[in-house]
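Containing compact mmCIF, C-alpha atoms: start-v8.txt.
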```txt
# COMPACT_ATOMS: atom_id res chain seq x y z
CA MET A 1 -27.66 36.16 -27.58
CA LYS A 2 -27.22 32.53 -28.62
CA SER A 3 -23.44 32.93 -29.06
CA TYR A 4 -23.22 34.67 -25.67
CA ALA A 5 -24.92 31.67 -24.00
CA LYS A 6 -22.48 29.33 -25.74
CA TYR A 7 -19.59 31.52 -24.56
CA VAL A 8 -20.82 31.42 -20.95
CA ALA A 9 -21.36 27.64 -21.11
CA ALA A 10 -17.86 27.17 -22.56
CA MET A 11 -16.32 29.33 -19.82
CA LEU A 12 -18.16 27.41 -17.08
CA LEU A 13 -17.01 24.11 -18.58
CA LEU A 14 -13.44 25.38 -18.81
CA MET A 15 -13.45 26.62 -15.20
CA THR A 16 -14.83 23.29 -13.97
CA ALA A 17 -12.26 21.33 -15.97
CA VAL A 18 -9.37 23.50 -14.77
CA SER A 19 -10.44 23.33 -11.12
CA SER A 20 -10.79 19.56 -11.26
CA TRP A 21 -7.47 19.22 -13.11
CA ALA A 22 -5.73 21.49 -10.58
CA GLY A 23 -6.54 19.07 -7.77
CA CYS A 24 -4.73 16.27 -9.60
CA ARG A 25 -1.11 17.25 -9.18
CA GLU A 26 1.18 14.29 -9.82
CA ASP A 27 3.94 15.79 -7.70
CA ALA A 28 1.65 15.64 -4.63
CA LEU A 29 2.72 12.01 -4.25
CA GLU A 30 6.45 12.72 -4.40
CA GLY A 31 8.50 11.89 -1.34
CA ASP A 32 9.89 9.19 0.90
CA TRP A 33 6.92 7.47 2.52
CA THR A 34 7.48 5.16 5.50
CA VAL A 35 5.06 2.22 5.54
CA PHE A 36 3.17 1.80 8.81
CA TYR A 37 0.18 0.06 10.32
CA ARG A 38 -1.89 0.73 13.41
CA ASP A 39 0.08 -2.13 14.94
CA ASN A 40 3.35 -2.75 13.10
CA GLY A 41 3.59 -6.14 14.82
CA PHE A 42 0.46 -7.21 12.96
CA PRO A 43 0.71 -5.81 9.42
CA THR A 44 -2.42 -6.15 7.30
CA SER A 45 -0.60 -6.08 3.97
CA VAL A 46 2.43 -7.56 2.21
CA LEU A 47 4.68 -4.52 2.72
CA ALA A 48 7.01 -4.57 5.71
CA PRO A 49 6.46 -1.84 8.30
CA ASP A 50 9.08 0.92 8.57
CA GLU A 51 10.27 0.33 4.99
CA VAL A 52 10.28 3.26 2.56
CA ILE A 53 8.47 3.86 -0.72
CA ASN A 54 10.23 6.56 -2.71
CA ILE A 55 8.02 8.24 -5.33
CA GLN A 56 9.45 10.71 -7.83
CA PHE A 57 7.75 12.48 -10.73
CA ASP A 58 9.79 13.68 -13.69
CA HIS A 59 8.02 16.78 -15.00
CA LYS A 60 9.88 16.71 -18.30
CA SER A 61 8.97 13.13 -19.28
CA ARG A 62 5.72 13.13 -17.24
CA ALA A 63 6.76 9.75 -15.80
CA PHE A 64 6.83 8.32 -12.28
CA SER A 65 9.64 6.33 -10.73
CA VAL A 66 8.92 4.28 -7.64
CA SER A 67 11.42 2.37 -5.51
CA LEU A 68 10.93 0.27 -2.40
CA SER A 69 13.39 -0.44 0.41
CA ASP A 70 11.34 -3.52 1.39
CA PRO A 71 13.62 -6.60 1.29
CA GLU A 72 10.81 -8.80 -0.14
CA TRP A 73 9.39 -6.51 -2.83
CA ARG A 74 10.61 -4.26 -5.65
CA SER A 75 8.88 -1.83 -7.95
CA TRP A 76 7.94 -3.01 -11.41
CA GLU A 77 9.68 -0.12 -13.16
CA ALA A 78 8.41 1.80 -16.18
CA ASN A 79 4.86 0.63 -15.59
CA TRP A 80 3.51 3.40 -13.35
CA ASP A 81 0.70 5.68 -14.39
CA SER A 82 -1.68 8.08 -12.72
CA VAL A 83 -5.37 8.79 -12.99
CA CYS A 84 -7.43 11.61 -11.57
CA VAL A 85 -10.26 10.43 -9.30
CA ASP A 86 -12.44 12.99 -7.51
CA GLY A 87 -9.76 15.66 -7.84
CA ARG A 88 -7.00 13.42 -6.42
CA THR A 89 -4.11 11.74 -8.17
CA VAL A 90 -4.07 7.95 -7.85
CA LEU A 91 -0.82 6.24 -8.80
CA LEU A 92 -1.25 2.81 -10.37
CA GLY A 93 1.51 0.28 -10.83
CA ALA A 94 2.79 -3.06 -9.67
CA ILE A 95 5.33 -4.57 -7.32
CA GLN A 96 7.14 -7.88 -7.75
CA ARG A 97 8.53 -10.28 -5.18
CA ARG A 98 12.33 -9.99 -5.29
CA HIS A 99 12.91 -13.75 -5.22
CA GLY A 100 9.84 -15.13 -6.93
CA ARG A 101 7.25 -14.58 -9.59
CA ALA A 102 4.46 -12.92 -7.60
CA THR A 103 3.34 -9.57 -8.97
CA LEU A 104 0.72 -7.43 -7.23
CA VAL A 105 -1.18 -4.43 -8.56
CA ILE A 106 -0.87 -1.43 -6.24
CA GLU A 107 -2.76 1.86 -5.90
CA ILE A 108 -1.25 4.81 -4.03
CA SER A 109 -3.08 8.04 -3.21
CA ARG A 110 -2.90 10.85 -0.68
CA VAL A 111 -5.20 10.67 2.34
CA ALA A 112 -7.67 13.47 1.71
CA ASP A 113 -10.09 13.12 4.63
CA THR A 114 -8.88 13.61 8.20
CA HIS A 115 -11.12 10.71 9.25
CA ASP A 116 -8.95 8.41 7.09
CA LEU A 117 -5.71 9.37 8.83
CA LEU A 118 -4.28 6.34 10.59
CA ARG A 119 -2.69 6.39 14.06
CA ASN A 120 0.43 4.33 14.58
CA ALA A 121 0.96 2.03 17.58
CA ALA A 122 2.33 4.94 19.64
CA GLY A 123 -0.85 6.94 18.96
CA GLU A 124 0.88 9.46 16.72
CA VAL A 125 -0.94 10.88 13.68
CA ARG A 126 0.81 12.76 10.91
CA GLU A 127 -1.25 14.79 8.48
CA ARG A 128 0.80 13.92 5.38
CA GLN A 129 -0.17 10.31 4.70
CA ILE A 130 -0.71 8.10 1.70
CA LYS A 131 -2.99 5.10 1.29
CA ILE A 132 -1.39 2.01 -0.18
CA ARG A 133 -3.97 -0.45 -1.48
CA PHE A 134 -3.71 -3.82 -3.16
CA PRO A 135 -6.93 -4.64 -5.01
CA GLN A 136 -6.31 -8.40 -5.05
CA PRO A 137 -8.03 -10.25 -2.20
CA PHE A 138 -4.98 -12.47 -1.66
CA ALA A 139 -2.61 -9.55 -1.05
CA ALA A 140 -2.99 -9.71 2.74
CA SER A 141 -0.25 -12.25 3.44
CA GLY A 142 -1.69 -15.72 3.96
CA LEU A 143 -4.37 -14.56 6.37
CA SER A 144 -6.77 -12.87 3.98
CA GLY A 145 -9.88 -14.76 5.19
CA ALA A 146 -9.26 -14.10 8.88
CA LEU A 147 -8.26 -10.47 8.27
CA ALA A 148 -11.29 -9.84 6.07
CA GLU A 149 -13.56 -11.16 8.82
CA LEU A 150 -11.89 -8.92 11.42
CA ALA A 151 -12.21 -5.92 9.10
CA GLU A 152 -15.90 -6.62 8.51
CA ARG A 153 -16.50 -6.69 12.26
CA GLY A 154 -14.73 -3.31 12.55
CA LEU A 155 -11.75 -4.65 14.50
CA LEU A 156 -9.09 -3.42 12.10
CA ALA A 157 -8.30 0.20 11.35
CA SER A 158 -7.17 -0.82 7.89
CA HIS A 159 -8.55 -3.54 5.67
CA PRO A 160 -6.53 -6.46 4.39
CA GLY A 161 -4.32 -5.48 1.51
CA HIS A 162 -4.21 -1.91 2.82
CA ALA A 163 -1.38 0.06 4.40
CA HIS A 164 -0.50 3.68 5.03
CA GLY A 165 2.70 5.65 4.67
CA TRP A 166 3.89 8.96 6.03
CA GLU A 167 6.70 11.39 5.48
```
This entry written out as structure tokens:
Amino acid sequence: MKSYAKYVAAMLLLMTAVSSWAGCREDALEGDWTVFYRDNGFPTSVLAPDEVINIQFDHKSRAFSVSLSDPEWRSWEANWDSVCVDGRTVLLGAIQRRHGRATLVIEISRVADTHDLLRNAAGEVRERQIKIRFPQPFAASGLSGALAELAERGLLASHPGHAHGWE
């Protein structure tokens, strides 16, 4: 009886681990993602609107490659990794200014909740979106204080240092 209980507990643990692992598919982030904001004329992050982030996952080497079409920023290659958070893959890496020394940490994940989908200036919403977040408080151009205040008052759809992308 004791070994049967251990067997059942082990099976439950295995099923839970497999179901949580199954939600973290690295290839879910693959694609060409166009950066956008609710108002592309007033971006709330360092990435230029309408530029593309290309994310590829090599299944053989289990490595990500990320490239940016943004004229100001480039991917810091060979330094991308993923973690599983609440059943979702979060891609962690960094971008560097093309003509300078600034390096920013970046987090990229799929939008999982329909309430988090962002409308563009034309009012269009696409269901396949990613969130692009910069944890540093200074990542919102030079206006971080003013943007943070607007975000706190609920006047921005996205917080400073935050963008979205869609396919």
For A:Asp70, find every residue with an atom within 8 Å (counting all atoms listed in the file), except residues of its own chain fewer than 4 positions away, and show them as an MDAnalysis selection string. chainID A and resid 47:48 51:52 74
Enclose all atoms of stretch 124-132 of chain A listed in the file in an axis-aligned box, grow every side by 5 Å, and hand back centre and edge lengths in Å to one decimal, as AutoDock Vina command-line options.
```
--center_x -1.1 --center_y 8.4 --center_z 8.3 --size_x 13.9 --size_y 22.8 --size_z 26.9
```
Figure out the distance between atom CA of A:Glu30 and atom CA of A:Asp116, please, to one decimal in Å.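 One can read the atom CA of A:Asp116 to atom CA of A:Glu30 distance as 19.7 Å.
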Quick one: pull the distance between atom CA of A:Asn79 and atom CA of A:Val105, Å, one decimal.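 Atom-to-atom, atom CA of A:Asn79 to atom CA of A:Val105, that is 10.6 Å.
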Can you measure atom CA of A:Asp86 to atom CA of A:Ile130 for me? One decimal in Å is fine. 15.7 Å
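The shortest atom-to-atom distance to A:Arg88, with all atoms listed in the file taken into account, belongs to A:Ala112 out of A:Ala63, A:Ala112, A:Ala163, A:Ile55.
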Within 8 Å of A:Ser109 using all atoms listed in the file, minus same-chain residues under 5 positions, as a list in words: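 Residues meeting the cut-off are Leu29, Arg88, Thr89, Val90, Leu91, Ile130, Lys131 and Ile132 of chain A.
Using only C-alpha atoms, the nearest neighbour of A:Phe36 within the list A:Asn120, A:Glu167, A:Ser61, A:Gly93 is A:Asn120.
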Can you list, as a ChimeraX atom specification, every protein, DNA or RNA residue that comes within 10 Å of A:Asp50 when you count all atoms listed in the file, leaving out same-chain residues fewer than 6 positions away? /A:33-37,40,69-70,165-166
Those same residues - C-alpha atoms - I'd like them written as a CSV table (one decimal), keeping the file's coordinate frame.
```
chain,number,residue,atom,x,y,z
A,33,TRP,CA,6.9,7.5,2.5
A,34,THR,CA,7.5,5.2,5.5
A,35,VAL,CA,5.1,2.2,5.5
A,36,PHE,CA,3.2,1.8,8.8
A,37,TYR,CA,0.2,0.1,10.3
A,40,ASN,CA,3.4,-2.8,13.1
A,69,SER,CA,13.4,-0.4,0.4
A,70,ASP,CA,11.3,-3.5,1.4
A,165,GLY,CA,2.7,5.6,4.7
A,166,TRP,CA,3.9,9.0,6.0
```
Counting all atoms listed in the file, the residue of A:Arg98, A:Arg25, A:Arg119, A:Arg133 that sits nearest A:Asp39: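 Residue with the minimum atom-to-atom distance to A:Asp39: A:Arg119.
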Point (10.4, -9.5, -0.5) neighbourhood (6 Å, only C-alpha atoms) written as JSON, numbers by chain: {"A": [71, 72, 73, 97, 98]}
For a quick check of understanding, using all atoms listed in the file, which of A:Ala94, A:Val66, A:Leu118, A:Ala28 has the smallest distance to A:Asn54?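 Of A:Ala94, A:Val66, A:Leu118, A:Ala28, the one nearest A:Asn54 is A:Val66, counting all atoms listed in the file.
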Between A:Asp81, A:Asp27, A:Asp32, A:Glu127, which one has atoms that come closest to A:Ile106, using only C-alpha atoms? A:Asp81
